[in-house]
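Below: one structure, written as structure tokens.
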Amino acid sequence: MSIRPEEIKVVPRGPEPGGMGGAYRAFGETLRGLRTTMGRLFDRPVTIQYPEEKTPVYPRFRGRHKLHRFEDSDLEKCVGCSLCAAACPAECIRVVAAENDPDDRVSAGERYAAVYEINLARCIFCGYCELACPFDAITMGHDYEMADYNRSDLIFTKEMLLAEPIERTPLRGEGE
Amino acid sequence: MAKQRPKPITLTIDGREIAATEGEMLVDAAKLGDIEIPVFCYEPKLGQPVGACRMCLVEIEGIPKLQTACSTPVRDGMVVHTRTEQVKEAQNAVVEFLLVNHPLDCPVCDKGGECPLQDIAMGWGNDRSRVVDQKRHFEKPTQLSPLIAIDRERCIMCYRCVRFSQEVSEDSQLQVHERGDRSYIGTFDDRPYIAPFQGNITELCPVGALTSYTYRFQARPWDIEQGGSVCTLCPSQCNVSFTVRDEQVKRVIARDNKHVDDGWLCDRGRYGYQMMYSTDRVLNPVRFDHGNPVPASWDEAIGLAAEGLARAGGATAALVGDASNEEGFLVQTIVREALGSADIDSRQAPTIGREAQVALADPAIAARVSDIDDADLVLVLGTDPIHSAPAFDLRIRKAVRRSHTALAVATERPSALDGGATETARYAPGEAANFVSGLAAAVKSGSDLGIAGLLRRAEHVVVVWGERLGRGEDGADAVAALLELSEAAGLAEKEDSGLIEIPDVANARGLREVGCLPDAGPGLAPATPGRDVEQIREGLESGQIRSVILFGVDPVRDLPDPEGWRRALEAADQVICFSMVASDTTDLADLVFPLESHAEKDGTVTHPEGRLQRVRPSAERPGDIRSGWLVLAELAAELGCETGIGSAPEALEAVTRAVPFYAGLDDQEIGGRGIRWQDRRQADRFGSDLAPTATAAGDGSGGRSSEAPAEPSPTTVSAAQTGSEPSDPGTGEQSTEAGVGGGSAGLDGRRPPESPPTAAPGNGLILGTYRDLWAGPVTDLSPALNYLIPAQRLELSVADAERLGLGRGDEVSVRSGETAVNARVAIRAAVPEGTCFLIEGTIEGNANVFADGRPAAVEIGEPEVRLDLVTAGGGSDDDPDGGDDAGDGDE
């Protein structure tokens, strides 16, 4: 059986080793990569010295929750309606409400949260609680440093959530 | 009246063919086709629809205007549209109108999450409000009653609560004040709403206007679990659902069962759950070391109990009270099989004999609770349902109101049902046997007068009778007379007719059927006769019985002769007390075992109509409490009687093996609604091994009616009446004839009462006692109900009070022989002259010292030791009339 000429396909081959082409093939890409390295040689380092230094976060970053008070009356905004607990997909919020004593109010309405706990070990930081809250009482803060030695220490109580974080997380500025 | 067969019809709703029955309301028919028509005011339990809220407007072809689906009965071939533009616009407008004054404070409102207004506004309303004006404002929340807060801003004026108050509980306290957009719900003069069924309005309210203080802000619907069970605080055994959060019961709501409770609960059942978390609850076994309570481990306690019981052997007795069928069965197994004793009782009065019990349990004369609804005549005999089984009170009122059932009431004490009764009769305390046999004789003799005439004429008769009828020495005679009466009235032959007993303890029927009777074993089979409750007390006092098991009984408080019981328990070598809460009895015990509450128990109970219902565990047992069946099975094993019971279903199996007519029952068959054993195939096993049944028991009393009739007792005051006027004591003899149905046959005078009332010494007053709904540990230990704790009061007729120169609130001493109690005078027009009444089971001045069913002639005088209250003279006057006795609204 013979091969007919129309059946022959010509495959182009690269240049033979040696010569300028061979040298380029051996070192060209390496040198191109080195150009980037050399170019950064005199730049300042980008490493952030955590924990001494902190990465700034975006304003809408969803960090640890905060509970809020009214600025004028110092009453808690939370009325203990449990909607955050209902919205929470991780079921990490526990609210036990109680009735306000009109002479010693905790919140503005009839009821207040006697117990407000978030189990941050379970929280997935989805922010649904913030969305569900009818009184803007809970918001997602910027704090992301929550590591602890003990799981039970990750259950944040109302007092902990109402308190200002000890150290503020830096915010990323406009266009940063 | 005969139950009419409803006619099947078909109609079209939204293009769907729906098969319904004639006369059904459109809303209900639509549900059959999975079409929801929104409603607020419609609630079939409240009776006829009112069409007040206008939410259910629908378009019906052929009618130009929109119609309210809740009040339009369906007709054959009707074509209905619920989703046209016109309907949508109307629904939208109704929701908008409802929300005009609704504060929308859902996050704060307790109803949030389970609120029909929220759901309907979401489903059928507009998502934008056009209201810019000021909403209506009220002071909020204000107290409607000690149990209920009212928030009038949230009210949408659906009238459900008002209808409940006026047409179901018939206390008529809730009213709509003002008119138009100013109308609001309230009570006259802003007095607190005090009624025994008030909790139901919090469940009826479709918005958060009526909330109960006990559940306020306790939980949201997504925080809770519902556990269905049965309330065992009284014989009504209403079906309830426990709202449980964090393993604790937070609320009790009704679980509609039309066969049992009609969907209503009394306040005792609704708020009595608080007793479970009282500090008086027994949380672990306790042994008494020289009178000092020492906590014991379970092994230690069971060991000690077994040791003492083994030592006493046959000289052991047991009393069973608040127990499930399984627990009762195991107690009787321990007593009869492990210890060889025959002394066990679950009743509170001397035995009436096994034959009578068998005759009473005969399926032929057993009525269903639902038979009351369509009965021609309901005869209430010797019981006041409001105090003994409140659900029956509502049931009877419903029958009278909606089915025009004739109601006859024959009691010692004026009853709460008198107002709606066609006939009322009063017999003197201790005269029950005479009265009933007189009535039976009158029916037999063909009298057409009074109750006898009603009994003879009615086609469907339900006799609701109280176990108290069988108290006292002639208790057995009273029961025999009752059986005679049922035979004379032909209850066995009449359809949907029969007897329903209202017993003294919640599961009395179950306990008797599993063998907690001195002369009847499981299945009411003959057993070696033993001592009954009174003989057990005497046996303990005389030292013949050395050891006693008290299972869920508090004899020092609940049984007649508390002092006798105190002496008896002190004399006993060993008192083993199973109790839920600490009481005077547990103080006298040597060993106390904790009991589960009805929210924690797993077991079955038997309703007075024979319905087996399941009590299911819903909440966690506090402390170190163990299941009753488990403890008893272990105790039996320790005593060498291996029951082979290792789980609650096995305990039920043991019961069903022992009781022939329960045979084969399991949890699945009982289900959520329970099952009457009379309706099962196995019911024919009843009586197969029990030789004497109804007829034989009838024979036991058969000869009586032929005895020469004697003069009616002058103190048997009765009156025929139609209105709400209380019986007039002055009508005397003449009304006796009307009431009983023929004076000559009225009372056979078979055995004159021991101290003939006419010859009563002193003031010539005969004392009767009754158990008040609120006298008991449930009220004492539930903070919400504390305001209802009854103080001892002496009910006197107007004439007697005048004669003795006593006024309302006066403090008196009521004396009979050696015993005396202090009480305050309460004057009731309906009390027959010559009688007076005291409450059993109160904390102070417990009238159980007199309460043995024997007529006690009492003397009323100055109290020897005055109560502390005496200085606060107005003390009892603060209590408004409506509040002094929850049940006697028609005084």
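We label chains A, B, ... in the order they appear in the structure tokens, count residues from 1 in each chain, and number ligands from 1 in the order shown.
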
**Request:** Dump as a list of chain:residue names the residues of chain A that approach chain B to within 6 Å, counting only C-alpha atoms.
**Result:** A:Cys81, A:Ala97, A:Ala98

**Request:** Do a neighbour search on stretch 82-84 of chain A at 12 Å with only C-alpha atoms, toss out local chain neighbours closer than 2 positions, and write the hits as a PyMOL selection string.
**Result:** (chain A and resi 65+67+78-80+86-98+111-118+126-139) or (chain B and resi 106-110+112-113+217-223)

**stretch 343-352 of chain B environment, 6 Å, only C-alpha atoms, sequence neighbours closer than 2 positions dropped, as a list in words** = Ala317, Ala318, Leu319, Val320, Gly321, Ser341, Arg471, Ala476, Cys516, Leu517, Pro518, Gly530, Arg531, Asp532 and Val533 of chain B

**Request:** Name the closest residue to B:Ala636 among the candidates B:Phe837, B:Phe578, B:Phe329, B:Phe435; distances are taken between atoms, counting only C-alpha atoms.
**Result:** B:Phe329

**Request:** Would you return as a ChimeraX atom specification the members of chain A that DSSP assigns to strand (DSSP E or B) on this structure's backbone?
**Result:** /A:57,65-67,69,76,93-99,101,104,107,111-119,138-140,155-156,171

Okay, now the selection with N, CA and C atoms, as an mmCIF file, in the first residue's frame?
```cif
data_model
loop_
_atom_site.group_PDB
_atom_site.id
_atom_site.type_symbol
_atom_site.label_atom_id
_atom_site.label_comp_id
_atom_site.auth_asym_id
_atom_site.auth_seq_id
_atom_site.Cartn_x
_atom_site.Cartn_y
_atom_site.Cartn_z
ATOM 1 N N VAL A 57 -9.952 47.822 56.708
ATOM 2 C CA VAL A 57 -11.064 47.098 56.080
ATOM 3 C C VAL A 57 -11.960 48.079 55.346
ATOM 4 N N HIS A 65 -20.307 41.803 65.507
ATOM 5 C CA HIS A 65 -21.503 42.630 65.666
ATOM 6 C C HIS A 65 -21.338 43.658 66.761
ATOM 7 N N LYS A 66 -22.105 44.716 66.629
ATOM 8 C CA LYS A 66 -22.182 45.714 67.703
ATOM 9 C C LYS A 66 -23.651 45.986 68.005
ATOM 10 N N LEU A 67 -23.953 46.183 69.253
ATOM 11 C CA LEU A 67 -25.288 46.650 69.635
ATOM 12 C C LEU A 67 -25.173 48.132 69.945
ATOM 13 N N ARG A 69 -26.790 51.984 71.342
ATOM 14 C CA ARG A 69 -27.683 52.747 72.217
ATOM 15 C C ARG A 69 -28.076 54.024 71.483
ATOM 16 N N GLU A 76 -31.001 51.467 75.243
ATOM 17 C CA GLU A 76 -30.621 50.498 74.208
ATOM 18 C C GLU A 76 -31.611 50.570 73.054
ATOM 19 N N ILE A 93 -27.798 33.214 67.516
ATOM 20 C CA ILE A 93 -28.256 34.323 68.365
ATOM 21 C C ILE A 93 -29.329 33.819 69.316
ATOM 22 N N ARG A 94 -29.218 34.208 70.552
ATOM 23 C CA ARG A 94 -30.228 33.831 71.540
ATOM 24 C C ARG A 94 -30.701 35.100 72.224
ATOM 25 N N VAL A 95 -32.010 35.302 72.183
ATOM 26 C CA VAL A 95 -32.573 36.498 72.813
ATOM 27 C C VAL A 95 -33.626 36.060 73.813
ATOM 28 N N VAL A 96 -33.550 36.569 75.004
ATOM 29 C CA VAL A 96 -34.630 36.379 75.967
ATOM 30 C C VAL A 96 -35.103 37.771 76.346
ATOM 31 N N ALA A 97 -36.354 38.043 76.050
ATOM 32 C CA ALA A 97 -36.869 39.389 76.274
ATOM 33 C C ALA A 97 -37.475 39.507 77.665
ATOM 34 N N ALA A 98 -37.697 40.713 78.092
ATOM 35 C CA ALA A 98 -38.361 40.962 79.366
ATOM 36 C C ALA A 98 -39.080 42.289 79.267
ATOM 37 N N GLU A 99 -39.938 42.534 80.241
ATOM 38 C CA GLU A 99 -40.729 43.757 80.205
ATOM 39 C C GLU A 99 -39.976 44.881 80.911
ATOM 40 N N ASP A 101 -39.292 48.098 83.076
ATOM 41 C CA ASP A 101 -39.838 48.790 84.235
ATOM 42 C C ASP A 101 -39.887 50.273 83.860
ATOM 43 N N ASP A 104 -37.325 52.464 85.316
ATOM 44 C CA ASP A 104 -35.913 52.194 85.111
ATOM 45 C C ASP A 104 -35.768 51.509 83.761
ATOM 46 N N SER A 107 -34.720 49.876 77.460
ATOM 47 C CA SER A 107 -34.888 50.257 76.056
ATOM 48 C C SER A 107 -36.083 51.184 75.953
ATOM 49 N N ARG A 111 -40.639 46.266 75.714
ATOM 50 C CA ARG A 111 -39.791 45.131 76.054
ATOM 51 C C ARG A 111 -38.332 45.443 75.779
ATOM 52 N N TYR A 112 -37.480 44.686 76.383
ATOM 53 C CA TYR A 112 -36.056 44.834 76.110
ATOM 54 C C TYR A 112 -35.428 43.447 76.143
ATOM 55 N N ALA A 113 -34.205 43.387 75.677
ATOM 56 C CA ALA A 113 -33.523 42.097 75.665
ATOM 57 C C ALA A 113 -32.840 41.890 76.997
ATOM 58 N N ALA A 114 -33.352 40.965 77.776
ATOM 59 C CA ALA A 114 -32.723 40.667 79.061
ATOM 60 C C ALA A 114 -31.448 39.868 78.812
ATOM 61 N N VAL A 115 -31.519 38.993 77.840
ATOM 62 C CA VAL A 115 -30.343 38.217 77.445
ATOM 63 C C VAL A 115 -30.170 38.414 75.954
ATOM 64 N N TYR A 116 -28.982 38.770 75.539
ATOM 65 C CA TYR A 116 -28.702 38.836 74.107
ATOM 66 C C TYR A 116 -27.330 38.234 73.919
ATOM 67 N N GLU A 117 -27.291 37.085 73.301
ATOM 68 C CA GLU A 117 -26.012 36.394 73.153
ATOM 69 C C GLU A 117 -25.795 36.008 71.702
ATOM 70 N N ILE A 118 -24.567 36.193 71.244
ATOM 71 C CA ILE A 118 -24.203 35.706 69.914
ATOM 72 C C ILE A 118 -23.038 34.742 70.089
ATOM 73 N N ASN A 119 -23.209 33.563 69.559
ATOM 74 C CA ASN A 119 -22.130 32.592 69.608
ATOM 75 C C ASN A 119 -21.275 32.809 68.370
ATOM 76 N N ILE A 138 -28.623 46.373 65.892
ATOM 77 C CA ILE A 138 -27.428 45.545 65.710
ATOM 78 C C ILE A 138 -26.833 45.870 64.340
ATOM 79 N N THR A 139 -25.548 46.074 64.309
ATOM 80 C CA THR A 139 -24.868 46.266 63.026
ATOM 81 C C THR A 139 -23.620 45.401 63.035
ATOM 82 N N MET A 140 -23.127 45.129 61.830
ATOM 83 C CA MET A 140 -21.899 44.374 61.742
ATOM 84 C C MET A 140 -20.752 45.371 61.882
ATOM 85 N N ILE A 155 -18.919 33.159 73.108
ATOM 86 C CA ILE A 155 -20.320 33.579 73.245
ATOM 87 C C ILE A 155 -20.306 34.986 73.798
ATOM 88 N N PHE A 156 -20.683 35.917 72.966
ATOM 89 C CA PHE A 156 -20.636 37.323 73.363
ATOM 90 C C PHE A 156 -21.960 37.724 74.002
ATOM 91 N N LEU A 171 -9.995 51.744 58.979
ATOM 92 C CA LEU A 171 -10.889 51.703 57.819
ATOM 93 C C LEU A 171 -10.109 52.088 56.579
#
```
